[in-house]
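Okay, structure first, notes after.
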Amino acid sequence: MSHNLLWGVDWYPEQWDKTLWESDVQRMAEQGFQVVRMMEFAWPILEPRPGNYDFSLFDSVIDILEKYKLTVVLGTPTAIMPVWLVDQDPTILAVHPNRLTRDFGCRRMGCMNAPVYQKAARQLVQAIADHYGPRQSIIGWQIDNEIGHEGSDHCVCDHCRAAWHRWLEKRYETIEELNRRWGTIFWGSTYTRFDQIPLPRQQVATNHNPALLLDYDRFSSDTAVSWAEAQVQIIRQKARAHQFITTNLYPAPLAQCIDMEDMVRIMDAAGWDNYPVWGNQDEPLPYFFTSYVLSYVRGLHPSGNFKVMEEFSGIQGHTQLGHLPPPEQVALWTNQAIARGANAIFYFRWRTAPYAQEQLCYGIRDTDNTETERERHIITNMQNLSPVLKTFASEPVPAEACLVYDRDTSRLIREQPLSLGMDRRPTSYMQVGYDAELARWFAPYVLYNVNCDIKSTKSVNLDNYKLISLPFYQITDEAFVQKLSDWVARGGHLVLGWRSGSRTTDNWNIDRPLPGLFRELAGIRVTNFEALGTGSTGICLKDTLIHQFISKIITCKGEVWADILEPETATIIARYRDSKKHYTGKPAFTRNKYGQGFVWYLGTSPDPKTTFFLYKSILKQAGLAGRFLGLGIEAVQRITQEGKTVMVLLNHTSKKKRVLGKIIPPWGTLVIDSI
Amino acid sequence: MSHNLLWGVDWYPEQWDKTLWESDVQRMAEQGFQVVRMMEFAWPILEPRPGNYDFSLFDSVIDILEKYKLTVVLGTPTAIMPVWLVDQDPTILAVHPNRLTRDFGCRRMGCMNAPVYQKAARQLVQAIADHYGPRQSIIGWQIDNEIGHEGSDHCVCDHCRAAWHRWLEKRYETIEELNRRWGTIFWGSTYTRFDQIPLPRQQVATNHNPALLLDYDRFSSDTAVSWAEAQVQIIRQKARAHQFITTNLYPAPLAQCIDMEDMVRIMDAAGWDNYPVWGNQDEPLPYFFTSYVLSYVRGLHPSGNFKVMEEFSGIQGHTQLGHLPPPEQVALWTNQAIARGANAIFYFRWRTAPYAQEQLCYGIRDTDNTETERERHIITNMQNLSPVLKTFASEPVPAEACLVYDRDTSRLIREQPLSLGMDRRPTSYMQVGYDAELARWFAPYVLYNVNCDIKSTKSVNLDNYKLISLPFYQITDEAFVQKLSDWVARGGHLVLGWRSGSRTTDNWNIDRPLPGLFRELAGIRVTNFEALGTGSTGICLKDTLIHQFISKIITCKGEVWADILEPETATIIARYRDSKKHYTGKPAFTRNKYGQGFVWYLGTSPDPKTTFFLYKSILKQAGLAGRFLGLGIEAVQRITQEGKTVMVLLNHTSKKKRVLGKIIPPWGTLVIDSI
Amino acid sequence: MSHNLLWGVDWYPEQWDKTLWESDVQRMAEQGFQVVRMMEFAWPILEPRPGNYDFSLFDSVIDILEKYKLTVVLGTPTAIMPVWLVDQDPTILAVHPNRLTRDFGCRRMGCMNAPVYQKAARQLVQAIADHYGPRQSIIGWQIDNEIGHEGSDHCVCDHCRAAWHRWLEKRYETIEELNRRWGTIFWGSTYTRFDQIPLPRQQVATNHNPALLLDYDRFSSDTAVSWAEAQVQIIRQKARAHQFITTNLYPAPLAQCIDMEDMVRIMDAAGWDNYPVWGNQDEPLPYFFTSYVLSYVRGLHPSGNFKVMEEFSGIQGHTQLGHLPPPEQVALWTNQAIARGANAIFYFRWRTAPYAQEQLCYGIRDTDNTETERERHIITNMQNLSPVLKTFASEPVPAEACLVYDRDTSRLIREQPLSLGMDRRPTSYMQVGYDAELARWFAPYVLYNVNCDIKSTKSVNLDNYKLISLPFYQITDEAFVQKLSDWVARGGHLVLGWRSGSRTTDNWNIDRPLPGLFRELAGIRVTNFEALGTGSTGICLKDTLIHQFISKIITCKGEVWADILEPETATIIARYRDSKKHYTGKPAFTRNKYGQGFVWYLGTSPDPKTTFFLYKSILKQAGLAGRFLGLGIEAVQRITQEGKTVMVLLNHTSKKKRVLGKIIPPWGTLVIDSI
């Protein structure tokens, strides 16, 4: 078994008659799978009565798996709890900010601050670790399941109230300090004790102070991280050395409040549930968006790789389905994930559940257990490509460019989206505007096939990169700006986005002209701004001869926001050109030479055409060899264990394509020597 | 007075000064009305204090009605309750699944499982039956009013909690059986006692197990049926032989959970409130939709006829109005109802209420009590057409075709609509997607003017029919499939829709290839499927020469869903043809010879053009003489008491039309000898 | 300092370091400002502990202001409360009809019927009045802040429950009288005691009796008025003679239930917060809409002028921003307010708050405290135009036309909008349909530059006017109709809108043919009607030769509603002309000679083209010299202190315009001698 690239399935033996178990495992083995993930919703099976543990079912299953040389990743089943725990203490049920108490019978309904739930979960995990930690065939652990998903990142119950007040007291020490830093003098909401501070439930009209909202996000993140950490610590003590610990994150990356870097820090790898299409979507997410999320997950952990704990096999939905991808595309998505850094793929799921909330979540096979077309493609792809993919799957992904995000800014944008164009709510509990914009800023790297990391302001190592994109960095840390400045001065290339530098770490409007701490670095002042909502403004590129030419024949557009710039030391590289805007003619994009490096400032979000022409020159100036290979063609460079550079070519179109002299079939994958 | 066709009005004498009563009744008599419905909201008048009954108001009114030879249908006024009952026990107020407790002052605010409400209602009905049962002029009874309307089919209060747990215990006997059949092993929601089982309140994100939701629908249906039955039993004991018992159902037929066949089973007829336009609709429902609902009501009760307890007269709305139909069309809708099986019409309402929630529900006359244009048309129509209409109004409607629906499937579709195209929510508490699709499947029979029944899987007598349409029969009963197979083998023609056969009666995904139990009958396998949402896919008909011709010049479309078919013994009669679909070229519709009969399988919902061309050949093959008479022309065949076959021609257009050699005025009705 | 026109700013010294105070005040003085408004959210500063008052902060601030000869308007800070008051009694937090309890930390979260809140607020106001009433530099008082805003006009808590029952008992004396006038016989909601009557919380489906809803609006209005009156009475006793009392109202004028005439009656002037663009609007409100709201505010108080307590300076929003107006337009909006009757302008706000809920509400300067472009324009405009504007700013605005609204009708329309076209909900707690329609009826006066007052049915003095527009006057008072009739008979010109005369003051449908009490005056009967929703109907003007000509080349449209008219003594001046409407050809608009005057009846809401052509002839007939000066040009006539008539020309376009021989720059203002 190669540990360089794990192929697995998500299997729920408890949902099937035990007479099926061996034939299932035998087929897994025959098809080439190496590992199964299981047990992540099995608490009532493992502990049918309080303190009474029963591992017999999974023991039997693991015996069979071992017989066929399959290994196991175990999930800690704390995303649900047994009904007896709710009997013991109904207050463990979480209360959503919309004021609805969650009910037993769903998932993620427990409050992670509820002591009874915490204690029971830890005892269970201890028992599991004691029992399975020593077992050789266990090669990994998944902590809980999709922590924070479906709005469970926020709870406003009384357990949370107490924990929130403790958290605030620890952070601010005195109520005066909190009042000062939150600006509670505004609207007279000055507090005199920590226990007076409300939890951010849904309001009728204007919401709470954004400083309170931001801190509640930080508090809720800490809650979730502690929840996971407690389990990691227990397992670490019992786990054998070869066992990895991860957890499975989920889309959209930054739409909930949890800092996933904190979450996976003490684990061995980040994990991701990879569903490029889900529910009633009428088409898959754009491929650059999927590349964005995969690269985000890769960037979460220093290991430089990640695991796909759930990989799309059949179409998925809870109450509605949508677009059916061709089976070739299902295989393509697997390869894309590996190209972007995954070194383990677990297909969700071995076989479709006959019943319950996910009976429309189709697996590799349907409930009827007969071979499916997608199964043939998945297996063939695995068998054919695994030999070449595993030569680089566990190697770091080389990258000289990096997209940098800021977790606090992303939290704030959820509550204060600034522009209707940043306010995208696919469900009541998600605001994916920040993710959508980040993906827009990642898109040029996909377009020009330049490997690009995604890192947070907290963890990025600037010196690894020639070019950094940093959009909407609002909640600005002075030390990080200094690091950026030094890096640019030493020759770095920085692309700043609108609104950068506008707030302090306490979310105050900065007390100096915008872009605040970036003024000297960008060489500009932002004199005013407009939110473009879902509309746009015309812009006119003028940096290169090509820009000047294309500006005559097409109209480039800026979206979401428009900063009006006044260059101080910077060069104007685009101006607004829109007869409906009174600021037509004013600078929109600038480039500033700073020391040995350059800083671009984009006052508005470029539309696709603008992105195409703008980044051509940015990449060139930064010395990155971007190559546009046609729309729908994605190329990722990887380095094999032997140090050879290869290129993974992914054809995201339904047409046969000739790329770099090679033919790639529709939805095909080709790994070639880099040229 | 002819009992073959009753003409009546809905009258609220309690809302008017008693000096108006006699003049009102005199006019009713002069205009030709025979009966009034009244009393259905009069509980506080009848029982002003607990146990203190006062029938004087309605006694006086009935005296006047009798003087003018008018008869009476009495409504039991239990859709509301007197304020003193809420004083006695505020817990009788129902709690909607959205967690809002209903308030006194509206309607349908009582929980039908609340013992205090049940007892008071039964005592009241007993008193009414005792008092009015013996009276000759009372010719019928309406039980309650629109039971289950406005989201009142579901309540999640503590009375319901207790009843729900009893109901579950009765159904499953052991909690282990419930766990097994619901699949509670999924997400670890295994129960150990019945009283742990939640009520399906609104959740933050993913909803409850669909098996729980389906059972709650069944439970809520049983609740409503018991509520009505208790009243029927009381009245039966006191009612004179000539008195019929009905209740008034309401649109959309299948958007609430109550099984109306169960409800009207022990009554004498089904009743319907017929509003082809209501509220702020900017146009009436399509005429085939109204025919669909009328035919549905007709099919509910073995009597083969039904009563329209409320028939549109003036425009209607609670807070907003919309489209104003011309008065000719108001009369047309009356005649359409009779053509489709109504043998009693009660116009809603005699005169517009001056006040309260329905002051925008206009009656035959406005509050000013002067003659209206619509009044002239209604009366003229009644006087002119009654002689001919009554020759067949109480006769069975002959039909050789039948559209079959499934109540459990319709319940499930509300919570699990499968496709965005099946998810239509005109209000927060209604999901009419199943009705909209059924109407689509009924439309070809209207288009080709083939009389068609609508029956449930539970009650349909297959041998009555040559052709049966059975769309989305998901919750599949093995015995019914066997009956269908036998019937097809004997020469029946069956049109199956996508998703048929996909689930067991416990709503499990079936453990064999789709279409499950229909595989042999349909002669196909469904290898995969896509939900089309609100989009569509191209299809290419190829069954007949005409199909082949029209496929060259127009593009037929499939909507909502696309099953990809693999014929085993069936003939392909249409293929997908859509360059955007990877399954283009795959079979979409098939026809299978099975014994002496034929089975069509439609893998997608045909759009209107497709319907037109497809059903032309289906009807022909089934030996049904369909005749397309132009868009907007509806023809219904009826047989008179004397056995003569006549055809009711309805012109749903604003133009004069020549049909079968006759001229029908705009919105006109013509009854001709069948040809 | 001229009291004829006050220029001020809204300043929050408590939000800034005290070292900034003097430089701020010095700059205000240098720029020409005369007054600051402050203190309206400062309760916790003034009373940090119960009963412990501390005026030191504002004393210091006022000392500085006085040093620079600036004066002060003080706001009573009762729109919020200190946290200790919520500690004392958490039940003071209001409960919105959507059943959400408001939380501390926002604003307007107190219930104005809560005794503890009432008492604390009055004691505070007393302390403030005692302390600041004698101070010479205090020139005015603002009561509370935006009373009723953000849905706070309605509360359904237990304090309100008790007050509501007392209010009802006072109004109706006996429960029988309430039952009769509400029509509670409908749906059997007859009450036997006042304390049974529900509060209008959100319902699942059909709402409460509209009579209950209307009375709850009246009750809630009385609550708010009492709240303000209590403060006015306290301040009056301590205020020096030169100090005015006002409060600041807010858009949309009639979307909440409070009768603002009642509110400002015992004050000295009405106040308004003037934001022609706010939040994520992608363009400003149409200029005629802003003129409508300004004229509405002017009409609220007999003084004939009003104060803008908050005037737009920088862009504003809580979580999102939108359109950025050019700075010239910011100045223009100031001048428009003064032209329409404002004699005090307070710019909101001196400097953008760095933190909290309004950190996106930009002031004259940003948080960085450097000069902005808008600042230069605001100051220049003030300095340049103040000399001429102050010659008339405090003089009455002459007007011979008046738009009359009805407060009860506006309340009713919120709950019963009649047509989807009247149902406009920018937020969950606002329904601005009535305002949007009133603005449509005001638009012709702006278009033709005819000064027009806006008055309520309660306060209008008919004899001041030649022409009165009275749309949708549903809740019809017989005495007012008589006054109107007399006034028309004496030569008045009245334009009535659809639905006029349809209800009694108890909101009963009138018991005579529509337009009810207006039948003789309008010389018509309304035989039927349709709600047009968001659609329209064609109409054909035929009153003048021009009408007949334009009807040949363009299609005029009616919107929202269509009354079908039958002239009795009136002349038809327009007919419906729409092939899709069965009432095509029926009269749409009529004109009736009545005594010496004329009455127009408009059966549908004219679209802009129709308005243009229709009002040309209406104004002419009424003897008003309307003059169309081009789209975007607004002209207001004013009379100076010396009695000279001048015309304020406002160019609401981005183009230079030649008007009456003068050049007005883009967004420019010109005051010329009237011609």
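Chain lettering (A, B, ...) mirrors the order of the structure tokens, residue numbering begins at 1 for each chain separately, and ligand numbering begins at 1 in order of display.
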Closest pair table for chain A residues within 8 Å of chain C, only C-alpha atoms, as JSON lines:
```
{"residue": "A:Trp182", "atom": "CA", "partner": "C:Ala356", "partner_atom": "CA", "distance": 6.9}
{"residue": "A:Gly183", "atom": "CA", "partner": "C:Tyr355", "partner_atom": "CA", "distance": 5.7}
{"residue": "A:Thr184", "atom": "CA", "partner": "C:Ala356", "partner_atom": "CA", "distance": 7.2}
{"residue": "A:Ile185", "atom": "CA", "partner": "C:Gln15", "partner_atom": "CA", "distance": 6.6}
{"residue": "A:Phe186", "atom": "CA", "partner": "C:Ala356", "partner_atom": "CA", "distance": 6.4}
{"residue": "A:Trp187", "atom": "CA", "partner": "C:Phe41", "partner_atom": "CA", "distance": 5.1}
{"residue": "A:Gly188", "atom": "CA", "partner": "C:Phe41", "partner_atom": "CA", "distance": 5.5}
{"residue": "A:Ser189", "atom": "CA", "partner": "C:Gly105", "partner_atom": "CA", "distance": 5.1}
{"residue": "A:Thr190", "atom": "CA", "partner": "C:Pro44", "partner_atom": "CA", "distance": 6.9}
{"residue": "A:Tyr191", "atom": "CA", "partner": "C:Val83", "partner_atom": "CA", "distance": 6.2}
{"residue": "A:Thr192", "atom": "CA", "partner": "C:Val83", "partner_atom": "CA", "distance": 7.6}
{"residue": "A:Gln196", "atom": "CA", "partner": "C:Val83", "partner_atom": "CA", "distance": 7.5}
{"residue": "A:Pro198", "atom": "CA", "partner": "C:Phe104", "partner_atom": "CA", "distance": 6.8}
{"residue": "A:Gln203", "atom": "CA", "partner": "C:Arg102", "partner_atom": "CA", "distance": 6.3}
{"residue": "A:Val204", "atom": "CA", "partner": "C:Leu100", "partner_atom": "CA", "distance": 6.8}
{"residue": "A:Ala205", "atom": "CA", "partner": "C:Glu150", "partner_atom": "CA", "distance": 5.7}
{"residue": "A:Thr206", "atom": "CA", "partner": "C:Cys106", "partner_atom": "CA", "distance": 6.9}
{"residue": "A:Asn207", "atom": "CA", "partner": "C:Cys106", "partner_atom": "CA", "distance": 6.6}
{"residue": "A:His208", "atom": "CA", "partner": "C:Cys106", "partner_atom": "CA", "distance": 5.7}
{"residue": "A:Asn209", "atom": "CA", "partner": "C:Ala356", "partner_atom": "CA", "distance": 4.8}
{"residue": "A:Pro210", "atom": "CA", "partner": "C:Ala356", "partner_atom": "CA", "distance": 5.9}
{"residue": "A:Ala211", "atom": "CA", "partner": "C:Ala356", "partner_atom": "CA", "distance": 6.7}
{"residue": "A:Glu415", "atom": "CA", "partner": "C:Thr319", "partner_atom": "CA", "distance": 6.8}
{"residue": "A:Gln416", "atom": "CA", "partner": "C:Thr319", "partner_atom": "CA", "distance": 4.2}
{"residue": "A:Pro417", "atom": "CA", "partner": "C:Gln320", "partner_atom": "CA", "distance": 5.9}
{"residue": "A:Leu418", "atom": "CA", "partner": "C:Gln320", "partner_atom": "CA", "distance": 4.0}
{"residue": "A:Ser419", "atom": "CA", "partner": "C:Gln320", "partner_atom": "CA", "distance": 4.9}
{"residue": "A:Leu420", "atom": "CA", "partner": "C:Asn280", "partner_atom": "CA", "distance": 6.4}
{"residue": "A:Asn507", "atom": "CA", "partner": "C:Tyr355", "partner_atom": "CA", "distance": 6.9}
{"residue": "A:Trp508", "atom": "CA", "partner": "C:Pro354", "partner_atom": "CA", "distance": 4.9}
{"residue": "A:Asn509", "atom": "CA", "partner": "C:Pro354", "partner_atom": "CA", "distance": 4.5}
{"residue": "A:Ile510", "atom": "CA", "partner": "C:Asp368", "partner_atom": "CA", "distance": 6.8}
{"residue": "A:Asp511", "atom": "CA", "partner": "C:Asp368", "partner_atom": "CA", "distance": 4.1}
{"residue": "A:Arg512", "atom": "CA", "partner": "C:Asp368", "partner_atom": "CA", "distance": 4.2}
{"residue": "A:Pro513", "atom": "CA", "partner": "C:Asp368", "partner_atom": "CA", "distance": 5.5}
{"residue": "A:Thr527", "atom": "CA", "partner": "C:Thr372", "partner_atom": "CA", "distance": 7.6}
{"residue": "A:Phe529", "atom": "CA", "partner": "C:Leu324", "partner_atom": "CA", "distance": 7.1}
{"residue": "A:Glu530", "atom": "CA", "partner": "C:Leu324", "partner_atom": "CA", "distance": 5.1}
{"residue": "A:Ala531", "atom": "CA", "partner": "C:Gly322", "partner_atom": "CA", "distance": 4.5}
{"residue": "A:Leu532", "atom": "CA", "partner": "C:Gly322", "partner_atom": "CA", "distance": 6.1}
{"residue": "A:Gly533", "atom": "CA", "partner": "C:Gly322", "partner_atom": "CA", "distance": 6.3}
{"residue": "A:His582", "atom": "CA", "partner": "C:Pro326", "partner_atom": "CA", "distance": 6.2}
```
Would you save the residues from that selection as a CSV table (one decimal), in the first residue's frame, using N, CA and C atoms?
```csv
chain,number,residue,atom,x,y,z
A,182,TRP,N,-14.7,48.6,21.8
A,182,TRP,CA,-15.9,48.4,21.1
A,182,TRP,C,-16.6,49.7,20.7
A,183,GLY,N,-16.2,50.8,21.3
A,183,GLY,CA,-16.9,52.1,21.1
A,183,GLY,C,-18.3,52.1,21.5
A,184,THR,N,-18.6,51.5,22.7
A,184,THR,CA,-20.0,51.4,23.2
A,184,THR,C,-20.6,52.7,23.6
A,185,ILE,N,-19.7,53.7,23.6
A,185,ILE,CA,-20.3,55.1,23.8
A,185,ILE,C,-21.4,55.4,22.7
A,186,PHE,N,-21.2,54.8,21.6
A,186,PHE,CA,-22.1,54.9,20.5
A,186,PHE,C,-23.4,54.3,20.8
A,187,TRP,N,-24.5,55.0,20.6
A,187,TRP,CA,-25.9,54.6,20.9
A,187,TRP,C,-26.0,54.2,22.4
A,188,GLY,N,-25.1,54.7,23.2
A,188,GLY,CA,-25.2,54.6,24.7
A,188,GLY,C,-25.2,53.2,25.2
A,189,SER,N,-24.5,52.3,24.5
A,189,SER,CA,-24.6,50.9,25.0
A,189,SER,C,-23.5,50.5,25.9
A,190,THR,N,-23.0,51.4,26.7
A,190,THR,CA,-21.9,51.2,27.6
A,190,THR,C,-22.3,50.2,28.7
A,191,TYR,N,-21.4,49.2,28.9
A,191,TYR,CA,-21.7,48.2,29.9
A,191,TYR,C,-21.0,48.4,31.2
A,192,THR,N,-21.5,47.9,32.2
A,192,THR,CA,-20.9,48.0,33.5
A,192,THR,C,-20.4,46.7,34.1
A,196,GLN,N,-23.6,41.6,31.3
A,196,GLN,CA,-24.7,42.3,30.7
A,196,GLN,C,-24.7,42.2,29.2
A,198,PRO,N,-25.0,41.2,25.5
A,198,PRO,CA,-25.9,40.3,24.8
A,198,PRO,C,-25.2,39.4,23.9
A,203,GLN,N,-31.9,40.5,15.2
A,203,GLN,CA,-32.7,41.7,15.6
A,203,GLN,C,-33.7,42.0,14.6
A,204,VAL,N,-34.6,42.9,15.0
A,204,VAL,CA,-35.7,43.3,14.1
A,204,VAL,C,-35.2,44.2,13.0
A,205,ALA,N,-34.3,45.1,13.4
A,205,ALA,CA,-33.8,46.1,12.4
A,205,ALA,C,-32.3,46.1,12.5
A,206,THR,N,-31.7,47.2,12.8
A,206,THR,CA,-30.2,47.4,12.8
A,206,THR,C,-29.7,46.3,13.8
A,207,ASN,N,-28.6,45.7,13.4
A,207,ASN,CA,-28.0,44.7,14.2
A,207,ASN,C,-27.1,45.3,15.3
A,208,HIS,N,-26.4,44.4,16.0
A,208,HIS,CA,-25.5,44.8,17.1
A,208,HIS,C,-24.3,45.5,16.5
A,209,ASN,N,-23.6,46.1,17.5
A,209,ASN,CA,-22.2,46.7,17.2
A,209,ASN,C,-21.4,45.7,16.4
A,210,PRO,N,-20.8,46.1,15.3
A,210,PRO,CA,-19.9,45.1,14.6
A,210,PRO,C,-18.8,44.6,15.4
A,211,ALA,N,-18.3,45.3,16.4
A,211,ALA,CA,-17.2,44.8,17.2
A,211,ALA,C,-17.7,43.7,18.1
A,415,GLU,N,-21.2,40.1,8.1
A,415,GLU,CA,-22.2,41.0,8.7
A,415,GLU,C,-22.3,42.4,8.1
A,416,GLN,N,-21.2,42.8,7.5
A,416,GLN,CA,-21.1,44.1,6.9
A,416,GLN,C,-20.5,44.0,5.5
A,417,PRO,N,-21.4,43.6,4.6
A,417,PRO,CA,-20.8,43.2,3.3
A,417,PRO,C,-20.4,44.4,2.4
A,418,LEU,N,-20.6,45.6,2.9
A,418,LEU,CA,-20.2,46.8,2.3
A,418,LEU,C,-20.9,47.2,1.0
A,419,SER,N,-21.2,46.1,0.2
A,419,SER,CA,-21.9,46.4,-1.1
A,419,SER,C,-22.8,45.2,-1.3
A,420,LEU,N,-24.0,45.5,-2.0
A,420,LEU,CA,-24.9,44.4,-2.3
A,420,LEU,C,-24.2,43.3,-3.1
A,507,ASN,N,-11.4,46.9,14.4
A,507,ASN,CA,-12.4,47.3,13.5
A,507,ASN,C,-12.8,48.8,13.5
A,508,TRP,N,-11.9,49.6,14.0
A,508,TRP,CA,-12.2,51.0,13.9
A,508,TRP,C,-11.9,51.5,12.5
A,509,ASN,N,-12.6,52.5,12.0
A,509,ASN,CA,-12.2,53.2,10.8
A,509,ASN,C,-10.8,53.8,11.1
A,510,ILE,N,-9.9,53.6,10.2
A,510,ILE,CA,-8.5,54.1,10.5
A,510,ILE,C,-8.5,55.6,10.6
A,511,ASP,N,-7.7,56.2,11.4
A,511,ASP,CA,-7.7,57.6,11.6
A,511,ASP,C,-6.7,58.3,10.7
A,512,ARG,N,-6.5,57.8,9.6
A,512,ARG,CA,-5.7,58.5,8.6
A,512,ARG,C,-6.2,58.2,7.2
A,513,PRO,N,-5.8,59.0,6.2
A,513,PRO,CA,-6.5,58.8,4.9
A,513,PRO,C,-6.3,57.4,4.4
A,527,THR,N,-9.7,59.0,-2.3
A,527,THR,CA,-10.4,60.2,-1.9
A,527,THR,C,-11.9,60.0,-1.7
A,529,PHE,N,-15.3,56.8,-2.5
A,529,PHE,CA,-15.7,55.5,-3.0
A,529,PHE,C,-17.1,55.3,-3.1
A,530,GLU,N,-17.5,54.4,-3.9
A,530,GLU,CA,-18.9,54.1,-4.2
A,530,GLU,C,-19.1,52.6,-4.1
A,531,ALA,N,-20.2,52.1,-3.6
A,531,ALA,CA,-20.5,50.7,-3.7
A,531,ALA,C,-21.3,50.5,-4.9
A,532,LEU,N,-20.9,49.6,-5.8
A,532,LEU,CA,-21.5,49.4,-7.1
A,532,LEU,C,-22.7,48.4,-7.0
A,533,GLY,N,-22.9,47.8,-5.8
A,533,GLY,CA,-24.0,46.8,-5.7
A,533,GLY,C,-23.8,45.7,-6.7
A,582,HIS,N,-20.0,60.2,-12.1
A,582,HIS,CA,-19.4,61.5,-12.0
A,582,HIS,C,-17.8,61.5,-11.8
```
Non-local contacts of Trp441 of chain A (8 Å; only C-alpha atoms; under 5 positions in same chain excluded) as an MDAnalysis selection string: chainID A and resid 403 469 471
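Note that DSSP on the backbone gives alpha helix (DSSP H) to these residues of segment 270-320 of chain B: Tyr287, Phe288, Phe289, Thr290, Ser291, Tyr292, Val293, Leu294, Ser295, Tyr296, Val297 and Arg298 of chain B.
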Include N, CA and C atoms and write out the residues we just selected as an mmCIF file, in the first residue's frame.
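This is the output file selection.cif:
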```
data_model
loop_
_atom_site.group_PDB
_atom_site.id
_atom_site.type_symbol
_atom_site.label_atom_id
_atom_site.label_comp_id
_atom_site.auth_asym_id
_atom_site.auth_seq_id
_atom_site.Cartn_x
_atom_site.Cartn_y
_atom_site.Cartn_z
ATOM 1 N N TYR B 287 -57.448 26.932 -17.539
ATOM 2 C CA TYR B 287 -58.718 26.192 -17.407
ATOM 3 C C TYR B 287 -58.497 24.701 -17.221
ATOM 4 N N PHE B 288 -57.391 24.179 -17.748
ATOM 5 C CA PHE B 288 -57.155 22.748 -17.540
ATOM 6 C C PHE B 288 -56.796 22.474 -16.086
ATOM 7 N N PHE B 289 -56.216 23.452 -15.406
ATOM 8 C CA PHE B 289 -55.917 23.257 -13.992
ATOM 9 C C PHE B 289 -57.211 23.179 -13.195
ATOM 10 N N THR B 290 -58.143 24.063 -13.504
ATOM 11 C CA THR B 290 -59.430 24.020 -12.808
ATOM 12 C C THR B 290 -60.145 22.701 -13.100
ATOM 13 N N SER B 291 -60.062 22.225 -14.332
ATOM 14 C CA SER B 291 -60.653 20.921 -14.643
ATOM 15 C C SER B 291 -59.977 19.807 -13.862
ATOM 16 N N TYR B 292 -58.670 19.955 -13.709
ATOM 17 C CA TYR B 292 -57.934 18.976 -12.908
ATOM 18 C C TYR B 292 -58.475 18.941 -11.478
ATOM 19 N N VAL B 293 -58.621 20.091 -10.853
ATOM 20 C CA VAL B 293 -59.049 20.071 -9.450
ATOM 21 C C VAL B 293 -60.498 19.610 -9.328
ATOM 22 N N LEU B 294 -61.337 20.011 -10.266
ATOM 23 C CA LEU B 294 -62.741 19.566 -10.207
ATOM 24 C C LEU B 294 -62.813 18.044 -10.362
ATOM 25 N N SER B 295 -62.004 17.512 -11.253
ATOM 26 C CA SER B 295 -62.021 16.064 -11.479
ATOM 27 C C SER B 295 -61.452 15.319 -10.273
ATOM 28 N N TYR B 296 -60.470 15.939 -9.643
ATOM 29 C CA TYR B 296 -59.936 15.365 -8.409
ATOM 30 C C TYR B 296 -61.031 15.261 -7.350
ATOM 31 N N VAL B 297 -61.791 16.321 -7.168
ATOM 32 C CA VAL B 297 -62.845 16.307 -6.143
ATOM 33 C C VAL B 297 -63.894 15.247 -6.499
ATOM 34 N N ARG B 298 -64.247 15.205 -7.780
ATOM 35 C CA ARG B 298 -65.235 14.217 -8.211
ATOM 36 C C ARG B 298 -64.778 12.800 -7.853
#
```
